[in-house]
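This report refers to the structure that appears directly beneath it.
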Amino acid sequence: MKLASISYYPVKSTTGHEVSEADVLPWGLAGDRRYLVADEQSRTLTARVEPRLLAVVPMLDGDTLTLTGPHAEPLRVAPSARLSPVTLWGSEIELADCGDAAAAWLTSLVGRPVRLKWLDDPRRRPVDPAYGRPDDRVSLADGYPLLLTSAASLARLNDWIAEDALERGAEPPAPLPMHRFRPNVVVDGVPSEPFAEEEWKRLRIGEVEFRVAKGCARCVLTTIDPDTYEKGKEPIRTLSRYRKREGKTWFGVNLIPDAPGRIAVGDRVTIL
């Protein structure tokens, strides 16, 4: 089994980038989800609520972030040293503000007052202690440093979606692309069976070892086409039929690295 792709997302809920190699840090891939957008109540705003965020293309050059979008000229972002609390999934975290220019640029896009925030110190946010160790940390990802999906699981899901469409007398839709699920790493090849990743406890990608913290419960964001920003019913409709438990639908697993390292597309993936 091989590592088929690597992706990182500089700003939470915006466009990601596929790369050939990446540094794995204790809190996630280098550059992954260190920024987020907050509303007037200092609550995290995601594409679940504002799909237009998916139109933002954030580019990292060292420590410099540049935002590109369809509505304005590209903007270079300069975070300040001033920290303030932002609510992220029910917990508060201190983040640095990225200034009025970034706030105006994003406000113009989404049509309501928002601000861009930066996690200056990724050691500040622990993972859920029910699934991690006391010293495990995560950037601004939903809960864990990396998300892994498998090509075999997506192929099975797309088969189910097509079969269910035919049962309803509808035309089968085009297969869902993997970036709909926003993974950091995708594995492919023998001996991976569909959804086998949910049984793994530990794995090695190249020379970096990971713990599988838990499965990934999927939300409405997966139903938004990242190219058109339109909402649909898939894949949640089909996941609810085949992959529902505990009142949630599941696709992919969350990983926690044991130590820093570097991974590259083509690396061997070994289940430990």
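In the structure tokens, chains take letters A, B, ... by order of appearance, with residues numbered from 1 within each chain and ligands from 1 in the order shown.
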
I'd like a table as a tab-separated table: residues in range 3-110 of chain A with an atom no more than 9 Å from range 229-244 of chain A, each row giving the shortest atom pair and its distance in Å to one decimal, only C-alpha atoms counted, sorted by chain and rising residue number.
```
residue	atom	partner	partner_atom	distance
A:Pro51	CA	A:Tyr229	CA	5.6
A:Arg52	CA	A:Tyr229	CA	6.7
A:Leu54	CA	A:Tyr229	CA	7.2
A:Ala55	CA	A:Tyr229	CA	8.2
```

Enumerate as a ChimeraX atom specification all residues of range 33-181 of chain A assigned to strand (DSSP E) by DSSP on the backbone, naming them with the chain letters and numbers the document uses. /A:35-38,44-45,57-61,64-68,75-77,83-88,91-97,115-118,146-150

Could you save the residues just selected, with C-alpha atoms, as a short mmCIF file (atom, residue, chain, number, x, y, z; two decimals), in the first residue's frame?
```
data_model
loop_
_atom_site.label_atom_id
_atom_site.label_comp_id
_atom_site.auth_asym_id
_atom_site.auth_seq_id
_atom_site.Cartn_x
_atom_site.Cartn_y
_atom_site.Cartn_z
CA TYR A 35 -5.51 30.33 10.10
CA LEU A 36 -9.29 30.57 10.43
CA VAL A 37 -12.09 33.05 9.81
CA ALA A 38 -14.08 34.33 12.80
CA THR A 44 -15.19 30.14 13.96
CA LEU A 45 -16.88 30.56 10.59
CA VAL A 57 -7.01 30.35 -2.42
CA PRO A 58 -4.46 30.90 0.38
CA MET A 59 -0.81 30.64 -0.62
CA LEU A 60 2.03 30.22 1.87
CA ASP A 61 5.55 31.41 1.09
CA THR A 64 3.90 34.85 4.50
CA LEU A 65 0.26 34.19 3.59
CA THR A 66 -1.34 35.65 0.46
CA LEU A 67 -5.09 35.43 -0.14
CA THR A 68 -6.46 35.21 -3.68
CA LEU A 75 -3.83 40.39 -0.38
CA ARG A 76 -0.68 39.75 1.61
CA VAL A 77 -1.50 39.06 5.26
CA LEU A 83 -4.18 37.81 20.96
CA SER A 84 -7.89 37.42 21.60
CA PRO A 85 -10.16 34.43 22.29
CA VAL A 86 -11.97 32.67 19.45
CA THR A 87 -14.51 29.87 19.94
CA LEU A 88 -13.71 26.73 17.99
CA SER A 91 -13.71 25.68 23.24
CA GLU A 92 -11.89 28.99 23.40
CA ILE A 93 -8.41 29.43 21.99
CA GLU A 94 -6.22 32.54 21.91
CA LEU A 95 -5.44 33.58 18.34
CA ALA A 96 -3.62 36.51 16.76
CA ASP A 97 -5.57 38.97 14.62
CA ARG A 115 -11.81 38.66 10.72
CA LEU A 116 -8.86 36.44 9.89
CA LYS A 117 -7.11 34.85 12.86
CA TRP A 118 -3.78 33.04 13.18
CA LEU A 146 -4.12 14.60 10.22
CA LEU A 147 -7.06 13.08 8.37
CA LEU A 148 -6.51 9.90 6.35
CA THR A 149 -8.82 8.48 3.69
CA SER A 150 -8.41 5.58 1.29
#
```

Between A:Tyr9, A:Val212, A:Leu106, A:Pro257, which is the closest to Asp135 in chain A once you count only C-alpha atoms?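 Between A:Tyr9, A:Val212, A:Leu106, A:Pro257, the residue approaching Asp135 in chain A most closely is A:Pro257.
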
Which residue, A:Pro177, A:Gly16, A:Pro113, A:Gly261, has the smallest gap to Thr223 in chain A when you use only C-alpha atoms?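 Closest residue, counting only C-alpha atoms: A:Pro177.
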